[in-house]
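Okay, protein-v9.cif now, which holds mmCIF, C-alpha atoms and all ligand atoms; chains and numbers go by the auth columns:
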```cif
data_entry
#
loop_
_atom_site.group_PDB
_atom_site.id
_atom_site.type_symbol
_atom_site.label_atom_id
_atom_site.label_comp_id
_atom_site.label_asym_id
_atom_site.label_seq_id
_atom_site.Cartn_x
_atom_site.Cartn_y
_atom_site.Cartn_z
_atom_site.B_iso_or_equiv
_atom_site.auth_seq_id
_atom_site.auth_asym_id
ATOM 1 C CA MET A 1 -8.146 -13.429 10.896 0.00 275 A
ATOM 2 C CA VAL A 2 -8.746 -10.162 12.738 0.00 276 A
ATOM 3 C CA ASP A 3 -8.583 -11.643 16.252 0.00 277 A
ATOM 4 C CA ALA A 4 -5.888 -14.268 15.757 0.00 278 A
ATOM 5 C CA GLN A 5 -3.560 -12.465 13.348 0.00 279 A
ATOM 6 C CA LEU A 6 -4.127 -8.758 13.939 0.00 280 A
ATOM 7 C CA ARG A 7 -5.379 -7.986 17.480 0.00 281 A
ATOM 8 C CA ALA A 8 -3.196 -10.752 18.941 0.00 282 A
ATOM 9 C CA ARG A 9 -0.119 -9.260 17.282 0.00 283 A
ATOM 10 C CA GLY A 10 -0.721 -5.735 18.510 0.00 284 A
ATOM 11 C CA ILE A 11 -2.809 -3.991 15.845 0.00 285 A
ATOM 12 C CA GLU A 12 -4.933 -1.555 17.867 0.00 286 A
ATOM 13 C CA ASP A 13 -6.361 1.040 15.459 0.00 287 A
ATOM 14 C CA ARG A 14 -10.097 0.400 15.641 0.00 288 A
ATOM 15 C CA ARG A 15 -10.730 1.785 12.145 0.00 289 A
ATOM 16 C CA VAL A 16 -8.076 -0.508 10.645 0.00 290 A
ATOM 17 C CA LEU A 17 -9.539 -3.557 12.416 0.00 291 A
ATOM 18 C CA THR A 18 -13.049 -2.655 11.254 0.00 292 A
ATOM 19 C CA ALA A 19 -11.874 -2.183 7.662 0.00 293 A
ATOM 20 C CA MET A 20 -10.126 -5.550 7.710 0.00 294 A
ATOM 21 C CA GLU A 21 -13.265 -7.175 9.073 0.00 295 A
ATOM 22 C CA LYS A 22 -15.335 -5.593 6.331 0.00 296 A
ATOM 23 C CA VAL A 23 -13.334 -5.993 3.101 0.00 297 A
ATOM 24 C CA PRO A 24 -13.826 -9.503 1.625 0.00 298 A
ATOM 25 C CA ARG A 25 -10.235 -10.551 0.960 0.00 299 A
ATOM 26 C CA HIS A 26 -11.289 -13.746 -0.891 0.00 300 A
ATOM 27 C CA LEU A 27 -12.681 -11.616 -3.746 0.00 301 A
ATOM 28 C CA PHE A 28 -9.177 -10.277 -4.478 0.00 302 A
ATOM 29 C CA VAL A 29 -7.529 -13.659 -5.153 0.00 303 A
ATOM 30 C CA ASP A 30 -8.123 -16.370 -7.768 0.00 304 A
ATOM 31 C CA GLU A 31 -11.104 -18.594 -7.026 0.00 305 A
ATOM 32 C CA VAL A 32 -8.844 -21.600 -6.432 0.00 306 A
ATOM 33 C CA LEU A 33 -7.092 -19.696 -3.626 0.00 307 A
ATOM 34 C CA ALA A 34 -10.252 -18.269 -2.050 0.00 308 A
ATOM 35 C CA GLU A 35 -10.192 -20.789 0.814 0.00 309 A
ATOM 36 C CA GLN A 36 -6.698 -19.629 1.769 0.00 310 A
ATOM 37 C CA ALA A 37 -7.516 -15.927 1.575 0.00 311 A
ATOM 38 C CA TYR A 38 -7.744 -15.435 5.360 0.00 312 A
ATOM 39 C CA ASN A 39 -4.562 -17.377 6.204 0.00 313 A
ATOM 40 C CA ASP A 40 -1.550 -15.670 7.750 0.00 314 A
ATOM 41 C CA ASN A 41 0.548 -15.403 4.578 0.00 315 A
ATOM 42 C CA PRO A 42 0.863 -13.609 1.240 0.00 316 A
ATOM 43 C CA LEU A 43 -0.697 -15.299 -1.809 0.00 317 A
ATOM 44 C CA PRO A 44 0.219 -15.205 -5.496 0.00 318 A
ATOM 45 C CA ILE A 45 -1.735 -12.976 -7.876 0.00 319 A
ATOM 46 C CA ASP A 46 -1.043 -12.684 -11.622 0.00 320 A
ATOM 47 C CA ARG A 47 2.308 -11.740 -13.190 0.00 321 A
ATOM 48 C CA GLN A 48 4.454 -13.155 -10.349 0.00 322 A
ATOM 49 C CA GLN A 49 3.144 -10.553 -7.913 0.00 323 A
ATOM 50 C CA THR A 50 1.568 -11.115 -4.497 0.00 324 A
ATOM 51 C CA ILE A 51 -1.240 -9.921 -2.271 0.00 325 A
ATOM 52 C CA SER A 52 0.458 -9.098 1.040 0.00 326 A
ATOM 53 C CA GLN A 53 0.007 -10.980 4.314 0.00 327 A
ATOM 54 C CA PRO A 54 -3.007 -9.594 6.264 0.00 328 A
ATOM 55 C CA TYR A 55 -0.830 -8.613 9.254 0.00 329 A
ATOM 56 C CA ILE A 56 1.474 -6.538 7.028 0.00 330 A
ATOM 57 C CA VAL A 57 -1.541 -4.858 5.387 0.00 331 A
ATOM 58 C CA ALA A 58 -2.856 -3.946 8.855 0.00 332 A
ATOM 59 C CA LEU A 59 0.544 -2.824 10.172 0.00 333 A
ATOM 60 C CA MET A 60 1.162 -0.540 7.178 0.00 334 A
ATOM 61 C CA SER A 61 -2.396 0.799 7.274 0.00 335 A
ATOM 62 C CA GLU A 62 -2.098 1.603 10.984 0.00 336 A
ATOM 63 C CA ALA A 63 1.194 3.422 10.374 0.00 337 A
ATOM 64 C CA MET A 64 -0.575 5.725 7.887 0.00 338 A
ATOM 65 C CA GLU A 65 -2.499 7.219 10.899 0.00 339 A
ATOM 66 C CA LEU A 66 -5.674 7.953 8.934 0.00 340 A
ATOM 67 C CA THR A 67 -8.852 9.549 10.294 0.00 341 A
ATOM 68 C CA GLY A 68 -11.044 9.436 7.176 0.00 342 A
ATOM 69 C CA LYS A 69 -10.422 12.953 5.846 0.00 343 A
ATOM 70 C CA GLU A 70 -7.155 12.416 3.996 0.00 344 A
ATOM 71 C CA LYS A 71 -5.956 12.178 0.429 0.00 345 A
ATOM 72 C CA VAL A 72 -3.486 9.295 0.181 0.00 346 A
ATOM 73 C CA LEU A 73 -1.249 7.700 -2.439 0.00 347 A
ATOM 74 C CA GLU A 74 -0.508 4.000 -2.834 0.00 348 A
ATOM 75 C CA ILE A 75 2.287 2.651 -5.051 0.00 349 A
ATOM 76 C CA GLY A 76 1.564 -0.917 -6.207 0.00 350 A
ATOM 77 C CA SER A 77 -2.197 -1.543 -6.556 0.00 351 A
ATOM 78 C CA GLY A 78 -1.667 -5.294 -7.138 0.00 352 A
ATOM 79 C CA SER A 79 -5.012 -7.020 -6.539 0.00 353 A
ATOM 80 C CA GLY A 80 -6.596 -3.845 -5.143 0.00 354 A
ATOM 81 C CA TYR A 81 -7.066 -5.344 -1.653 0.00 355 A
ATOM 82 C CA GLN A 82 -4.829 -2.879 0.187 0.00 356 A
ATOM 83 C CA THR A 83 -6.386 -0.123 -1.940 0.00 357 A
ATOM 84 C CA ALA A 84 -9.833 -1.144 -0.658 0.00 358 A
ATOM 85 C CA ILE A 85 -8.603 -0.996 2.945 0.00 359 A
ATOM 86 C CA LEU A 86 -7.232 2.500 2.294 0.00 360 A
ATOM 87 C CA ALA A 87 -10.530 3.481 0.656 0.00 361 A
ATOM 88 C CA GLU A 88 -12.239 2.582 3.950 0.00 362 A
ATOM 89 C CA LEU A 89 -9.733 4.637 5.963 0.00 363 A
ATOM 90 C CA ALA A 90 -9.199 7.809 3.886 0.00 364 A
ATOM 91 C CA GLU A 91 -11.369 10.199 1.897 0.00 365 A
ATOM 92 C CA ARG A 92 -9.617 9.719 -1.453 0.00 366 A
ATOM 93 C CA VAL A 93 -7.097 7.157 -2.641 0.00 367 A
ATOM 94 C CA PHE A 94 -4.756 7.501 -5.616 0.00 368 A
ATOM 95 C CA SER A 95 -3.051 4.251 -6.582 0.00 369 A
ATOM 96 C CA ILE A 96 -0.400 3.526 -9.223 0.00 370 A
ATOM 97 C CA GLU A 97 0.328 0.089 -10.694 0.00 371 A
ATOM 98 C CA ARG A 98 3.041 -0.564 -13.306 0.00 372 A
ATOM 99 C CA ILE A 99 1.382 -3.711 -14.768 0.00 373 A
ATOM 100 C CA ALA A 100 -1.689 -2.740 -16.809 0.00 374 A
ATOM 101 C CA ALA A 101 -3.421 -6.133 -16.483 0.00 375 A
ATOM 102 C CA LEU A 102 -3.233 -5.912 -12.670 0.00 376 A
ATOM 103 C CA ALA A 103 -4.505 -2.333 -12.661 0.00 377 A
ATOM 104 C CA THR A 104 -7.510 -3.382 -14.782 0.00 378 A
ATOM 105 C CA ARG A 105 -8.315 -6.256 -12.464 0.00 379 A
ATOM 106 C CA ALA A 106 -7.868 -4.125 -9.339 0.00 380 A
ATOM 107 C CA ARG A 107 -10.257 -1.535 -10.827 0.00 381 A
ATOM 108 C CA LYS A 108 -12.853 -4.264 -11.481 0.00 382 A
ATOM 109 C CA ASN A 109 -12.510 -5.634 -7.960 0.00 383 A
ATOM 110 C CA LEU A 110 -12.917 -2.170 -6.449 0.00 384 A
ATOM 111 C CA ASP A 111 -15.877 -1.259 -8.685 0.00 385 A
ATOM 112 C CA SER A 112 -17.659 -4.492 -7.781 0.00 386 A
ATOM 113 C CA LEU A 113 -17.478 -3.416 -4.115 0.00 387 A
ATOM 114 C CA CYS A 114 -18.449 0.200 -4.924 0.00 388 A
ATOM 115 C CA TYR A 115 -15.150 1.849 -3.931 0.00 389 A
ATOM 116 C CA TYR A 116 -15.643 4.974 -6.023 0.00 390 A
ATOM 117 C CA ASN A 117 -13.217 7.130 -3.991 0.00 391 A
ATOM 118 C CA VAL A 118 -10.243 5.444 -5.700 0.00 392 A
ATOM 119 C CA ALA A 119 -8.352 6.571 -8.817 0.00 393 A
ATOM 120 C CA ILE A 120 -5.947 4.050 -10.360 0.00 394 A
ATOM 121 C CA ARG A 121 -3.381 4.785 -12.997 0.00 395 A
ATOM 122 C CA VAL A 122 -0.861 2.650 -14.836 0.00 396 A
ATOM 123 C CA GLY A 123 2.738 3.840 -14.628 0.00 397 A
ATOM 124 C CA ASP A 124 5.951 4.039 -12.666 0.00 398 A
ATOM 125 C CA GLY A 125 4.916 4.961 -9.147 0.00 399 A
ATOM 126 C CA THR A 126 8.456 5.916 -8.123 0.00 400 A
ATOM 127 C CA TYR A 127 7.648 9.319 -9.664 0.00 401 A
ATOM 128 C CA GLY A 128 4.573 9.638 -7.453 0.00 402 A
ATOM 129 C CA TRP A 129 1.470 11.513 -8.677 0.00 403 A
ATOM 130 C CA ARG A 130 2.600 15.118 -8.634 0.00 404 A
ATOM 131 C CA GLU A 131 -0.635 16.708 -9.949 0.00 405 A
ATOM 132 C CA GLU A 132 -2.552 15.339 -6.962 0.00 406 A
ATOM 133 C CA SER A 133 0.096 16.071 -4.316 0.00 407 A
ATOM 134 C CA PRO A 134 0.531 16.872 -1.487 0.00 408 A
ATOM 135 C CA PHE A 135 -0.672 13.690 0.224 0.00 409 A
ATOM 136 C CA ALA A 136 -1.280 13.147 3.930 0.00 410 A
ATOM 137 C CA ALA A 137 0.232 9.695 3.619 0.00 411 A
ATOM 138 C CA ILE A 138 1.907 7.509 0.993 0.00 412 A
ATOM 139 C CA MET A 139 2.224 3.731 1.096 0.00 413 A
ATOM 140 C CA VAL A 140 4.631 1.756 -1.087 0.00 414 A
ATOM 141 C CA THR A 141 3.734 -1.938 -1.304 0.00 415 A
ATOM 142 C CA ALA A 142 6.904 -3.113 -3.069 0.00 416 A
ATOM 143 C CA GLY A 143 10.503 -3.280 -1.827 0.00 417 A
ATOM 144 C CA SER A 144 12.685 -0.278 -2.667 0.00 418 A
ATOM 145 C CA PRO A 145 16.499 0.015 -2.684 0.00 419 A
ATOM 146 C CA GLN A 146 16.192 3.539 -1.236 0.00 420 A
ATOM 147 C CA ILE A 147 13.768 6.150 0.072 0.00 421 A
ATOM 148 C CA PRO A 148 12.450 7.788 -3.139 0.00 422 A
ATOM 149 C CA LYS A 149 13.003 11.539 -2.693 0.00 423 A
ATOM 150 C CA LEU A 150 10.202 12.425 -5.113 0.00 424 A
ATOM 151 C CA LEU A 151 7.708 10.701 -2.818 0.00 425 A
ATOM 152 C CA ILE A 152 8.910 12.637 0.233 0.00 426 A
ATOM 153 C CA GLU A 153 8.487 15.859 -1.775 0.00 427 A
ATOM 154 C CA GLN A 154 4.839 14.898 -2.435 0.00 428 A
ATOM 155 C CA LEU A 155 4.036 14.545 1.274 0.00 429 A
ATOM 156 C CA GLU A 156 2.471 17.409 3.189 0.00 430 A
ATOM 157 C CA ILE A 157 4.344 18.588 6.302 0.00 431 A
ATOM 158 C CA GLY A 158 3.520 16.021 8.977 0.00 432 A
ATOM 159 C CA GLY A 159 2.718 13.454 6.261 0.00 433 A
ATOM 160 C CA ARG A 160 3.791 9.805 6.541 0.00 434 A
ATOM 161 C CA LEU A 161 5.569 7.564 4.022 0.00 435 A
ATOM 162 C CA VAL A 162 5.352 3.831 4.784 0.00 436 A
ATOM 163 C CA ILE A 163 7.804 1.847 2.668 0.00 437 A
ATOM 164 C CA PRO A 164 9.883 -1.351 2.700 0.00 438 A
ATOM 165 C CA VAL A 165 13.548 -0.453 2.066 0.00 439 A
ATOM 166 C CA GLY A 166 16.440 -2.868 1.663 0.00 440 A
ATOM 167 C CA ASP A 167 17.875 -5.386 -0.777 0.00 441 A
ATOM 168 C CA ARG A 168 15.917 -7.649 -3.101 0.00 442 A
ATOM 169 C CA SER A 169 15.588 -10.501 -0.595 0.00 443 A
ATOM 170 C CA SER A 170 14.616 -8.626 2.594 0.00 444 A
ATOM 171 C CA GLN A 171 13.719 -5.159 3.701 0.00 445 A
ATOM 172 C CA ALA A 172 13.060 -3.033 6.778 0.00 446 A
ATOM 173 C CA LEU A 173 9.561 -1.628 6.904 0.00 447 A
ATOM 174 C CA LEU A 174 9.985 2.106 7.543 0.00 448 A
ATOM 175 C CA LYS A 175 7.627 4.869 8.604 0.00 449 A
ATOM 176 C CA LEU A 176 9.000 8.287 7.679 0.00 450 A
ATOM 177 C CA THR A 177 7.321 11.475 8.841 0.00 451 A
ATOM 178 C CA ARG A 178 8.095 14.703 6.998 0.00 452 A
ATOM 179 C CA LEU A 179 8.881 17.327 9.630 0.00 453 A
ATOM 180 C CA SER A 180 9.392 20.507 7.577 0.00 454 A
ATOM 181 C CA GLU A 181 9.651 22.053 4.094 0.00 455 A
ATOM 182 C CA ASN A 182 13.105 20.488 3.885 0.00 456 A
ATOM 183 C CA PRO A 183 12.526 16.970 2.436 0.00 457 A
ATOM 184 C CA ASN A 184 15.591 15.696 4.318 0.00 458 A
ATOM 185 C CA ASP A 185 14.026 16.641 7.650 0.00 459 A
ATOM 186 C CA LEU A 186 12.452 13.279 8.484 0.00 460 A
ATOM 187 C CA LYS A 187 11.569 11.272 11.547 0.00 461 A
ATOM 188 C CA GLN A 188 12.314 7.603 10.862 0.00 462 A
ATOM 189 C CA GLU A 189 10.758 4.651 12.686 0.00 463 A
ATOM 190 C CA GLY A 190 11.354 0.957 11.987 0.00 464 A
ATOM 191 C CA LEU A 191 8.313 -1.328 11.975 0.00 465 A
ATOM 192 C CA GLY A 192 10.198 -4.621 11.574 0.00 466 A
ATOM 193 C CA GLY A 193 11.557 -6.861 8.851 0.00 467 A
ATOM 194 C CA CYS A 194 9.611 -7.874 5.757 0.00 468 A
ATOM 195 C CA ARG A 195 9.940 -9.341 2.288 0.00 469 A
ATOM 196 C CA PHE A 196 8.186 -7.669 -0.629 0.00 470 A
ATOM 197 C CA VAL A 197 8.376 -8.069 -4.412 0.00 471 A
ATOM 198 C CA ASP A 198 10.587 -5.481 -6.132 0.00 472 A
ATOM 199 C CA LEU A 199 9.648 -1.864 -6.670 0.00 473 A
ATOM 200 C CA ILE A 200 10.660 -1.597 -10.326 0.00 474 A
ATOM 201 C CA GLY A 201 11.177 1.800 -11.895 0.00 475 A
ATOM 202 C CA GLU A 202 13.327 4.860 -12.392 0.00 476 A
ATOM 203 C CA HIS A 203 13.840 5.381 -8.643 0.00 477 A
ATOM 204 C CA GLY A 204 13.527 1.705 -7.695 0.00 478 A
ATOM 205 C CA TRP A 205 15.143 -1.456 -9.047 0.00 479 A
ATOM 206 C CA ASP A 206 16.080 -2.093 -12.693 0.00 480 A
ATOM 207 C CA ASN A 207 13.778 -4.501 -14.465 0.00 481 A
ATOM 208 C CA SER A 208 16.676 -6.890 -15.320 0.00 482 A
HETATM 209 N N1 LIG B . -1.038 -4.111 -2.177 0.00 501 A
HETATM 210 C C1 LIG B . -1.249 -5.130 -3.174 0.00 501 A
HETATM 211 C C2 LIG B . -2.449 -5.986 -2.846 0.00 501 A
HETATM 212 O O1 LIG B . -3.120 -5.743 -1.823 0.00 501 A
HETATM 213 O O2 LIG B . -2.741 -6.874 -3.639 0.00 501 A
HETATM 214 C C3 LIG B . -0.035 -5.998 -3.331 0.00 501 A
HETATM 215 C C4 LIG B . 1.052 -5.285 -4.009 0.00 501 A
HETATM 216 S S1 LIG B . 2.323 -6.325 -4.635 0.00 501 A
HETATM 217 C C5 LIG B . 3.125 -6.860 -3.178 0.00 501 A
HETATM 218 C C6 LIG B . 3.387 -5.064 -5.308 0.00 501 A
HETATM 219 C C7 LIG B . 2.857 -4.409 -6.531 0.00 501 A
HETATM 220 O O3 LIG B . 3.696 -3.313 -6.847 0.00 501 A
HETATM 221 C C8 LIG B . 2.838 -5.310 -7.762 0.00 501 A
HETATM 222 O O4 LIG B . 1.549 -5.356 -8.296 0.00 501 A
HETATM 223 C C9 LIG B . 3.823 -4.632 -8.710 0.00 501 A
HETATM 224 O O5 LIG B . 3.481 -4.778 -10.064 0.00 501 A
HETATM 225 C C10 LIG B . 3.741 -3.195 -8.242 0.00 501 A
HETATM 226 N N2 LIG B . 4.881 -2.344 -8.593 0.00 501 A
HETATM 227 C C11 LIG B . 6.206 -2.629 -8.572 0.00 501 A
HETATM 228 N N3 LIG B . 6.925 -1.565 -8.950 0.00 501 A
HETATM 229 C C12 LIG B . 6.040 -0.555 -9.214 0.00 501 A
HETATM 230 C C13 LIG B . 6.158 0.807 -9.630 0.00 501 A
HETATM 231 N N4 LIG B . 7.344 1.390 -9.875 0.00 501 A
HETATM 232 N N5 LIG B . 5.038 1.526 -9.785 0.00 501 A
HETATM 233 C C14 LIG B . 3.828 0.993 -9.554 0.00 501 A
HETATM 234 N N6 LIG B . 3.637 -0.297 -9.165 0.00 501 A
HETATM 235 C C15 LIG B . 4.738 -1.062 -8.980 0.00 501 A
#
```

Is it possible to give me this structure as structure tokens?
Amino acid sequence: MVDAQLRARGIEDRRVLTAMEKVPRHLFVDEVLAEQAYNDNPLPIDRQQTISQPYIVALMSEAMELTGKEKVLEIGSGSGYQTAILAELAERVFSIERIAALATRARKNLDSLCYYNVAIRVGDGTYGWREESPFAAIMVTAGSPQIPKLLIEQLEIGGRLVIPVGDRSSQALLKLTRLSENPNDLKQEGLGGCRFVDLIGEHGWDNS
């Protein structure tokens, strides 16, 4: 997976590649899908959600520009796989999942692999996690109709927000860097097209 899908497609961050070599992706999917866990595609998890394609996990992780000393926020814990990769790359990870059953399972998966630098909470991640802000980087793993302003406000200056933004069928994967105290002062880079499940919440899509 790492050579054929990640290095071959331009992922260069050594720490990201090492993390993706280390974290056993098959433990984050149902047993019947374990054989497909290292294929180049997303897979279903419970509640009509998905575990993202390995290349997208690596691309988003690389865009976070982590050195190991950071406090980061993830919106959309899902299976906990991306959370585990972040736990390898940052000092502390805060992750929010709106579906309680997924959060419970993600917690179990992470505990079984001894990722104790992760806090998970159930709720609407479009509000962020203000008490723990500012974050060096924030990753949103669900597609948003807009750039949630509250998340930009919870970034430190120089912090990165990696987020898919677009309509419900396709999005542009964006990396936004906060340049100053002014939350509108952003550097925006496009990382390519993608298709994520909906970010559902007050500052995302309606659940209807
Ligand atoms: N990164 C996950 C993994 O490695 O398994 C996959 C995440 S899945 C593509 C998107 C997740 O975002 C789903 O679990 C979904 O329930 C969650 N989600 C959607 N809207 C949310 C919100 N407002 N707050 C928190 N989680 C949300």

Nearby residues, ligand LIG 501 (chain A), 9 Å, all atoms listed in the file, as number ranges by chain: A: 302-303, 316-317, 319-328, 331, 348-359, 369-374, 376-377, 380, 395-402, 414-418, 470-479

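By chain and then residue number, the residues within 9 Å of Asp314 in chain A are A:Met275, A:Gln279, A:Gln310, A:Ala311, A:Gln327, A:Pro328, A:Tyr329, counting all atoms listed in the file and disregarding those fewer than 3 positions away in sequence.
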
Using only C-alpha atoms, please write the residues we just selected to a file, as a JSON list (two decimals), in the coordinates of the input.
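Below is the file that was written, again13.json:
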```
[["chain", "number", "residue", "atom", "x", "y", "z"],
["A", 275, "MET", "CA", -8.15, -13.43, 10.90],
["A", 279, "GLN", "CA", -3.56, -12.46, 13.35],
["A", 310, "GLN", "CA", -6.70, -19.63, 1.77],
["A", 311, "ALA", "CA", -7.52, -15.93, 1.58],
["A", 327, "GLN", "CA", 0.01, -10.98, 4.31],
["A", 328, "PRO", "CA", -3.01, -9.59, 6.26],
["A", 329, "TYR", "CA", -0.83, -8.61, 9.25]]
```

Ground truth for the PyMOL selection byres (((chain A and resi 342) around 6) and not hetatm), written as a list in words: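 Selected by the PyMOL selection byres (((chain A and resi 342) around 6) and not hetatm) in this file: Leu340, Thr341, Lys343, Glu344, Leu363, Ala364 and Glu365 of chain A.
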
Filtering to C-alpha atoms, could you give me those residues as a PDB file, in the frame of the given file?
```
ATOM      1  CA  LEU A 340      -5.674   7.953   8.934  1.00  0.00           C
ATOM      2  CA  THR A 341      -8.852   9.549  10.294  1.00  0.00           C
ATOM      3  CA  LYS A 343     -10.422  12.953   5.846  1.00  0.00           C
ATOM      4  CA  GLU A 344      -7.155  12.416   3.996  1.00  0.00           C
ATOM      5  CA  LEU A 363      -9.733   4.637   5.963  1.00  0.00           C
ATOM      6  CA  ALA A 364      -9.199   7.809   3.886  1.00  0.00           C
ATOM      7  CA  GLU A 365     -11.369  10.199   1.897  1.00  0.00           C
TER       8      GLU A 365
END
```

Two-atom distance - CA of Ser335 in chain A, CA of Ile437 in chain A (Å):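 Those two atoms sit 11.2 Å apart.
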
Between CA of Ala410 in chain A and CA of Ser443 in chain A, distance in Å (one decimal): 29.4 Å

Among listed residues A:Asn315, A:Asn383, A:Gln428, A:Gln462, nearest Leu347 in chain A (using all atoms listed in the file):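 Answer, going by the shortest atom-to-atom distance: A:Gln428.
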
Distance of CA of Met334 in chain A from CA of Pro419 in chain A, expressed in Å to one decimal place: 18.2 Å

Reference answer for the PyMOL selection byres (((chain A and resi 336) around 9) and not hetatm), as a PyMOL selection string: chain A and resi 285-287+289-290+331-335+337-340

Please write as a compact mmCIF listing (two decimals) with C-alpha atoms, keeping the file's coordinate frame the full residue list that the PyMOL selection byres (((chain A and resi 445) around 7) and not hetatm) yields on this file.
```txt
# COMPACT_ATOMS: atom_id res chain seq x y z
CA GLY A 417 10.50 -3.28 -1.83
CA PRO A 438 9.88 -1.35 2.70
CA VAL A 439 13.55 -0.45 2.07
CA GLY A 440 16.44 -2.87 1.66
CA ASP A 441 17.88 -5.39 -0.78
CA SER A 444 14.62 -8.63 2.59
CA ALA A 446 13.06 -3.03 6.78
CA LEU A 447 9.56 -1.63 6.90
CA GLY A 467 11.56 -6.86 8.85
CA CYS A 468 9.61 -7.87 5.76
CA ARG A 469 9.94 -9.34 2.29
```

Shortest interatomic distance to Lys423 in chain A - which of A:Ala361, A:Leu460, A:Ala393, A:Ala411, counting only C-alpha atoms: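 For Lys423 in chain A, the nearest of the candidates is A:Leu460.
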
Provide an axis-aligned box for all listed atoms of range 287-292 of chain A, padding each side by 3 Å; report its centre and its edge lengths in Å to one decimal, as JSON.
```
{"center_x": -9.7, "center_y": -0.9, "center_z": 13.1, "size_x": 12.7, "size_y": 11.3, "size_z": 11.0}
```

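For the set A:Ser407, A:Ile330, A:Arg379, A:Asn456, the residue with the smallest atom-to-atom gap to Val367 in chain A is A:Ser407, counting all atoms listed in the file.
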
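The smallest atom-to-atom distance between Asp459 in chain A and any of A:Glu309, A:Asp277, A:Asp480, A:Glu427, using all atoms listed in the file, is found for A:Glu427.
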
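Among A:Val346, A:Leu384, A:Ile412, A:Val306, the residue with the shortest atom-to-atom distance to Phe368 in chain A, counting all atoms listed in the file, is A:Val346.
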